[in-house]
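Next up, protein_13.txt (compact mmCIF, C-alpha atoms):
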```txt
# COMPACT_ATOMS: atom_id res chain seq x y z
CA MET A 100 -14.79 18.17 3.74
CA THR A 101 -16.95 15.71 1.84
CA PRO A 102 -15.83 12.73 -0.25
CA ALA A 103 -16.84 14.55 -3.43
CA ASN A 104 -14.16 17.19 -3.09
CA ALA A 105 -11.59 14.99 -1.40
CA PHE A 106 -11.29 12.29 -4.08
CA ASP A 107 -10.64 14.23 -7.26
CA GLY A 108 -7.56 12.14 -8.05
CA THR A 109 -5.38 15.11 -9.01
CA PRO A 110 -1.88 14.95 -7.49
CA ASP A 111 -0.90 18.01 -5.50
CA ALA A 112 1.94 20.11 -6.87
CA ASP A 113 4.19 19.33 -3.93
CA SER A 114 3.71 15.57 -4.39
CA ALA A 115 4.48 15.49 -8.11
CA ALA A 116 6.60 12.48 -8.95
CA ALA A 117 10.30 12.90 -9.49
CA PRO A 118 12.94 10.17 -9.76
CA LEU A 119 14.15 9.08 -6.34
CA ALA A 120 17.67 8.10 -5.42
CA VAL A 121 17.47 4.81 -3.58
CA VAL A 122 21.01 3.61 -4.01
CA THR A 123 22.67 4.02 -0.63
CA ALA A 124 21.84 2.99 2.89
CA PRO A 125 22.08 5.44 5.81
CA SER A 126 25.65 4.32 6.44
CA GLY A 127 26.66 5.36 2.93
CA VAL A 128 27.27 1.74 1.95
CA ALA A 129 25.56 0.64 -1.24
CA VAL A 130 22.35 -1.21 -0.54
CA VAL A 131 22.70 -3.61 -3.44
CA ARG A 132 24.92 -6.62 -2.96
CA LYS A 133 26.36 -8.31 -6.00
CA THR A 134 26.81 -11.76 -4.48
CA VAL A 135 23.98 -13.56 -2.72
CA THR A 136 24.43 -16.99 -1.17
CA ALA A 137 21.33 -19.07 -0.57
CA PRO A 138 20.81 -20.88 2.73
CA ALA A 139 21.91 -24.50 2.44
CA ALA A 140 18.41 -25.80 3.14
CA ALA A 141 17.00 -23.91 0.19
CA ASN A 142 19.87 -24.41 -2.23
CA ASN A 143 17.89 -26.05 -5.02
CA ASN A 144 17.64 -25.60 -8.75
CA SER A 145 14.60 -23.37 -8.59
CA LEU A 146 16.18 -20.93 -6.15
CA SER A 147 19.45 -20.97 -8.06
CA ALA A 148 17.63 -20.15 -11.29
CA LEU A 149 15.87 -17.23 -9.62
CA GLN A 150 19.15 -15.94 -8.23
CA TYR A 151 20.83 -16.24 -11.61
CA ALA A 152 18.01 -14.26 -13.23
CA ALA A 153 18.07 -11.70 -10.42
CA GLU A 154 21.81 -11.16 -10.85
CA ASP A 155 21.13 -10.65 -14.54
CA GLY A 156 18.75 -7.80 -13.67
CA HIS A 157 15.37 -9.45 -14.14
CA ALA A 158 12.85 -7.52 -12.02
CA ILE A 159 10.40 -10.43 -11.68
CA ALA A 160 13.10 -12.70 -10.28
CA GLN A 161 14.28 -9.97 -7.92
CA TRP A 162 10.69 -9.46 -6.73
CA LYS A 163 10.09 -13.17 -6.18
CA LEU A 164 13.31 -13.50 -4.17
CA GLY A 165 12.47 -10.39 -2.18
CA LYS A 166 9.07 -11.80 -1.28
CA MET A 167 10.57 -15.19 -0.41
CA PHE A 168 13.00 -13.64 2.06
CA ALA A 169 10.40 -11.19 3.41
CA ASP A 170 7.82 -13.92 4.03
CA GLY A 171 10.14 -16.81 4.81
CA GLY A 172 8.66 -18.74 1.90
CA GLY A 173 10.93 -21.73 1.30
CA VAL A 174 13.92 -19.95 2.83
CA GLU A 175 14.81 -18.58 6.23
CA ARG A 176 13.25 -15.16 6.65
CA ASP A 177 15.76 -12.39 6.09
CA ASP A 178 14.33 -8.88 5.90
CA LEU A 179 17.66 -7.31 5.01
CA ARG A 180 18.04 -9.54 1.95
CA ALA A 181 14.45 -8.77 1.01
CA PHE A 182 15.20 -5.06 1.39
CA ASP A 183 18.24 -5.43 -0.89
CA TYR A 184 16.26 -7.15 -3.64
CA PHE A 185 13.48 -4.56 -3.49
CA SER A 186 16.15 -1.84 -3.60
CA ARG A 187 17.58 -3.31 -6.80
CA ILE A 188 14.20 -3.04 -8.46
CA ALA A 189 13.70 0.54 -7.29
CA ASN A 190 17.21 1.55 -8.35
CA GLN A 191 16.94 0.06 -11.81
CA HIS A 192 13.33 0.84 -12.69
CA ALA A 193 12.31 4.03 -10.87
CA GLU A 194 11.85 5.90 -14.13
CA ASP A 195 10.03 3.13 -16.00
CA SER A 196 6.74 4.16 -17.54
CA PRO A 197 3.69 3.55 -15.33
CA GLY A 198 2.34 1.60 -18.29
CA ALA A 199 5.34 -0.71 -18.56
CA PRO A 200 4.73 -4.46 -18.07
CA GLN A 201 6.75 -4.53 -14.84
CA ALA A 202 5.28 -1.28 -13.45
CA ASN A 203 3.22 -3.07 -10.79
CA ILE A 204 6.30 -4.91 -9.54
CA VAL A 205 8.27 -1.67 -9.36
CA ALA A 206 5.47 0.07 -7.48
CA ASN A 207 5.21 -2.82 -5.02
CA ALA A 208 8.98 -2.68 -4.46
CA PHE A 209 8.68 0.98 -3.48
CA VAL A 210 5.81 0.11 -1.14
CA ALA A 211 7.87 -2.64 0.49
CA LEU A 212 10.81 -0.26 0.94
CA GLY A 213 8.50 2.38 2.39
CA ARG A 214 7.15 -0.06 4.94
CA TYR A 215 10.66 -1.17 5.90
CA TYR A 216 11.74 2.43 6.42
CA ALA A 217 8.60 3.09 8.46
CA THR A 218 9.70 0.55 11.08
CA GLY A 219 13.37 -0.11 10.37
CA ILE A 220 14.96 -3.56 10.37
CA ALA A 221 16.28 -4.50 13.78
CA ASN A 222 20.05 -4.90 14.17
CA THR A 223 20.79 -3.82 10.59
CA ARG A 224 21.88 -0.69 8.76
CA VAL A 225 18.23 -0.01 7.81
CA LYS A 226 17.05 2.34 10.52
CA ARG A 227 13.57 3.71 11.09
CA ASP A 228 13.15 6.74 8.85
CA PRO A 229 9.52 7.93 8.55
CA GLU A 230 10.38 10.73 6.13
CA ARG A 231 12.15 8.28 3.83
CA ALA A 232 9.15 5.99 4.13
CA ARG A 233 6.86 8.85 3.11
CA GLU A 234 9.05 9.58 0.07
CA MET A 235 8.97 5.97 -1.09
CA LEU A 236 5.21 5.65 -0.65
CA SER A 237 4.53 9.06 -2.23
CA TYR A 238 6.49 8.10 -5.31
CA ALA A 239 4.63 4.82 -5.76
CA ALA A 240 1.30 6.48 -5.00
CA SER A 241 1.67 9.45 -7.33
CA TYR A 242 3.89 8.25 -10.19
CA PHE A 243 2.72 4.63 -10.45
CA GLY A 244 -0.76 5.18 -8.98
CA SER A 245 -0.35 2.23 -6.62
CA ALA A 246 -3.43 1.66 -4.47
CA GLU A 247 -1.33 -0.13 -1.84
CA ALA A 248 0.98 2.88 -1.62
CA GLN A 249 -1.98 5.26 -1.46
CA TYR A 250 -3.47 3.32 1.44
CA SER A 251 -0.17 3.13 3.34
CA LEU A 252 0.42 6.84 2.75
CA ALA A 253 -3.09 7.62 3.95
CA ARG A 254 -2.43 5.75 7.18
CA MET A 255 0.79 7.69 7.74
CA TYR A 256 -0.99 11.03 7.40
CA LEU A 257 -4.04 9.98 9.42
CA ASP A 258 -2.01 8.42 12.25
CA GLY A 259 0.71 11.08 12.27
CA LYS A 260 3.37 8.51 13.14
CA GLY A 261 6.77 9.98 12.32
CA ILE A 262 5.33 12.74 10.13
CA GLN A 263 3.05 15.67 10.75
CA ARG A 264 -0.56 14.54 10.95
CA ASP A 265 -2.64 15.79 8.03
CA VAL A 266 -6.19 14.47 7.91
CA LYS A 267 -6.97 16.24 4.63
CA TYR A 268 -4.10 14.50 2.83
CA GLY A 269 -4.90 11.23 4.56
CA VAL A 270 -8.52 11.26 3.44
CA ARG A 271 -7.51 12.21 -0.09
CA TRP A 272 -5.17 9.25 -0.47
CA LEU A 273 -7.62 6.95 1.29
CA GLY A 274 -10.35 7.84 -1.18
CA LEU A 275 -8.11 7.23 -4.17
CA ALA A 276 -7.14 3.79 -2.88
CA ALA A 277 -10.74 2.88 -2.03
CA HIS A 278 -11.97 3.77 -5.50
CA LYS A 279 -9.31 1.45 -6.93
CA GLY A 280 -10.65 -1.43 -4.86
CA GLN A 281 -8.10 -1.54 -2.01
CA HIS A 282 -10.30 -3.19 0.59
CA GLU A 283 -8.48 -1.92 3.69
CA ALA A 284 -8.89 1.62 2.40
CA GLN A 285 -12.56 0.93 1.72
CA ALA A 286 -13.02 -0.35 5.27
CA LEU A 287 -11.31 2.59 6.93
CA LEU A 288 -13.11 5.11 4.72
CA GLY A 289 -16.38 3.36 5.48
CA GLN A 290 -15.73 3.59 9.20
CA MET A 291 -14.93 7.27 9.00
CA LEU A 292 -18.01 8.11 6.92
CA PHE A 293 -20.41 5.96 8.95
CA ASN A 294 -19.22 7.39 12.27
CA GLY A 295 -18.61 10.94 11.06
CA ASP A 296 -14.95 10.70 12.04
CA HIS A 297 -13.13 13.71 10.48
CA LEU A 298 -15.74 13.69 7.71
CA GLN A 299 -19.34 14.75 7.41
CA ARG A 300 -21.35 11.72 8.48
CA GLN A 301 -22.80 9.78 5.56
CA ALA A 302 -24.05 6.53 7.04
CA ALA A 303 -25.31 4.98 3.81
CA ARG A 304 -22.10 5.70 1.90
CA GLY A 305 -20.05 4.43 4.83
CA LEU A 306 -22.06 1.20 4.90
CA MET A 307 -21.53 0.80 1.16
CA TRP A 308 -17.73 1.00 1.54
CA LEU A 309 -17.78 -1.38 4.49
CA THR A 310 -19.87 -3.86 2.53
CA LEU A 311 -17.39 -3.82 -0.33
CA ALA A 312 -14.48 -4.18 2.08
CA GLN A 313 -15.83 -7.14 4.01
CA GLU A 314 -16.49 -9.05 0.80
CA SER A 315 -12.75 -8.90 -0.01
CA ALA A 316 -11.38 -9.20 3.51
CA THR A 317 -9.65 -12.36 4.68
CA PRO A 318 -10.88 -14.20 7.80
CA SER A 319 -7.86 -12.87 9.70
CA GLU A 320 -8.88 -9.25 9.04
CA LYS A 321 -11.36 -9.34 11.89
CA TRP A 322 -11.46 -5.57 12.32
CA ILE A 323 -13.06 -5.20 8.89
CA HIS A 324 -15.74 -7.81 9.52
CA GLN A 325 -16.41 -6.36 12.97
CA SER A 326 -16.72 -2.82 11.61
CA TYR A 327 -19.15 -3.99 8.95
CA ASN A 328 -21.32 -5.92 11.41
CA GLU A 329 -21.43 -3.02 13.86
CA ALA A 330 -22.39 -0.55 11.13
CA LEU A 331 -25.04 -2.88 9.73
CA ALA A 332 -26.59 -3.28 13.19
CA LYS A 333 -26.70 0.49 13.76
CA ALA A 334 -27.88 1.48 10.27
CA SER A 335 -31.46 2.50 9.71
CA GLU A 336 -33.64 0.88 7.09
CA ASP A 337 -33.25 3.96 4.91
CA ASP A 338 -29.46 3.80 5.26
CA ARG A 339 -29.44 0.15 4.26
CA ALA A 340 -31.66 0.77 1.25
CA MET A 341 -29.55 3.69 0.09
CA ALA A 342 -26.33 1.71 0.60
CA LEU A 343 -27.78 -1.05 -1.59
CA GLN A 344 -28.53 1.44 -4.35
CA MET A 345 -24.95 2.76 -4.13
CA LEU A 346 -23.60 -0.79 -4.36
CA GLN A 347 -25.67 -1.41 -7.46
CA ARG A 348 -24.28 1.74 -9.03
CA TRP A 349 -20.76 0.61 -8.13
CA VAL A 350 -21.29 -2.76 -9.79
CA GLN A 351 -22.58 -0.99 -12.88
CA GLY A 352 -19.39 1.05 -13.00
CA ARG A 353 -20.92 4.34 -11.90
CA ARG A 354 -18.48 4.95 -9.06
CA ASP A 355 -19.50 8.43 -7.97
```
This structure in structure tokens:
Amino acid sequence: MTPANAFDGTPDADSAAAPLAVVTAPSGVAVVRKTVTAPAAANNNSLSALQYAAEDGHAIAQWKLGKMFADGGGVERDDLRAFDYFSRIANQHAEDSPGAPQANIVANAFVALGRYYATGIANTRVKRDPERAREMLSYAASYFGSAEAQYSLARMYLDGKGIQRDVKYGVRWLGLAAHKGQHEAQALLGQMLFNGDHLQRQAARGLMWLTLAQESATPSEKWIHQSYNEALAKASEDDRAMALQMLQRWVQGRRD
């Protein structure tokens, strides 16, 4: 398989989007809680205002609170509360148009839920459920076109953790995410192409993707910088020149 026929961007029939039911946890108890009490240390006007808006059904407020509890930003980290807020968004907005103003928030909520299901939340009702994770990510990837979901879904198929390994599907989703600028997808795709891993080796194209990826990578993403440096050291002069031409075409918007 070559990138040309793997990245056509057409959803497969069996992955066509359909509304997902996200309402109940494995125990059968509703995921969404009506009453949320903030930790005393974070009980300030700003948090209270967010909670009030979240209770009133505002997706942006629900997303901000979910991220706060997921990251421990200004409050004690609580993944179960984060899961509940993301679930509210998914429950209430799953059928929103992909062009709606809050579509990106909804897609990100599905991605967050998918990642929680992929690992589970220790000592809670949210158990590891790879198939549920795949459903969440597939919905965000296909219906909303989320690059983050496409990358996470690609990793699931390529790694075969909890689901049947499918390199063809993995490469397809990886290519879609890379073309949308998801830098982790670009790095992994670049690695695979440069090394000929599961794909026909295309060193110049691989170096191009790795170059794009390392420009967006954070200092903590050392694997991306390392992969780029190793590829650059191994690349021939012709490969480097061709990769530069591909980068110029990318900048000009000719992303073939």
What residues have an atom no more than 12 Å from (-2.7, 2.2, -10.6) in the file's own frame, counting all atoms listed in the file, and can you write them as a ChimeraX atom specification?
/A:108,196-199,202-207,239-249,275-281
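Here CA of Ala148 (chain A) and CA of Trp162 (chain A) stand 13.5 Å from one another.
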For a quick check of understanding, using only C-alpha atoms, which of A:Asp183, A:Asp265, A:Asp296, A:Glu194 has the smallest distance to Ala169 (chain A)?
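Selected residue with least distance to Ala169 (chain A): A:Asp183.
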Which residues, written as a PyMOL selection string, have at least one atom at most 12 Å from Arg300 (chain A), with all atoms listed in the file counted and residues fewer than 2 positions away on the same chain left out?
chain A and resi 100-102+288-298+302-306+338
What's the separation between CA of Leu164 (chain A) and CA of Ala253 (chain A), in Å to one decimal place?
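CA of Ala253 (chain A) lies 27.9 Å from CA of Leu164 (chain A).
Of note, CA of Trp308 (chain A) and CA of Gln285 (chain A) are spaced 5.2 Å apart.
Ranking A:Ala193, A:Ala158, A:Ala340, A:Leu346 by their shortest atom-to-atom distance to Thr310 (chain A), with all atoms listed in the file included, puts A:Leu346 first.
If you measure from each of A:Gln150, A:Ser335, A:His282, A:Ile262 to Glu314 (chain A) using all atoms listed in the file, the closest one turns out to be A:His282.
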Compile the contact shell of Arg231 (chain A) as a PyMOL selection string: residues with an atom at most 8 Å away, counting all atoms listed in the file, same-chain residues fewer than 6 positions apart removed.
chain A and resi 213+216-217
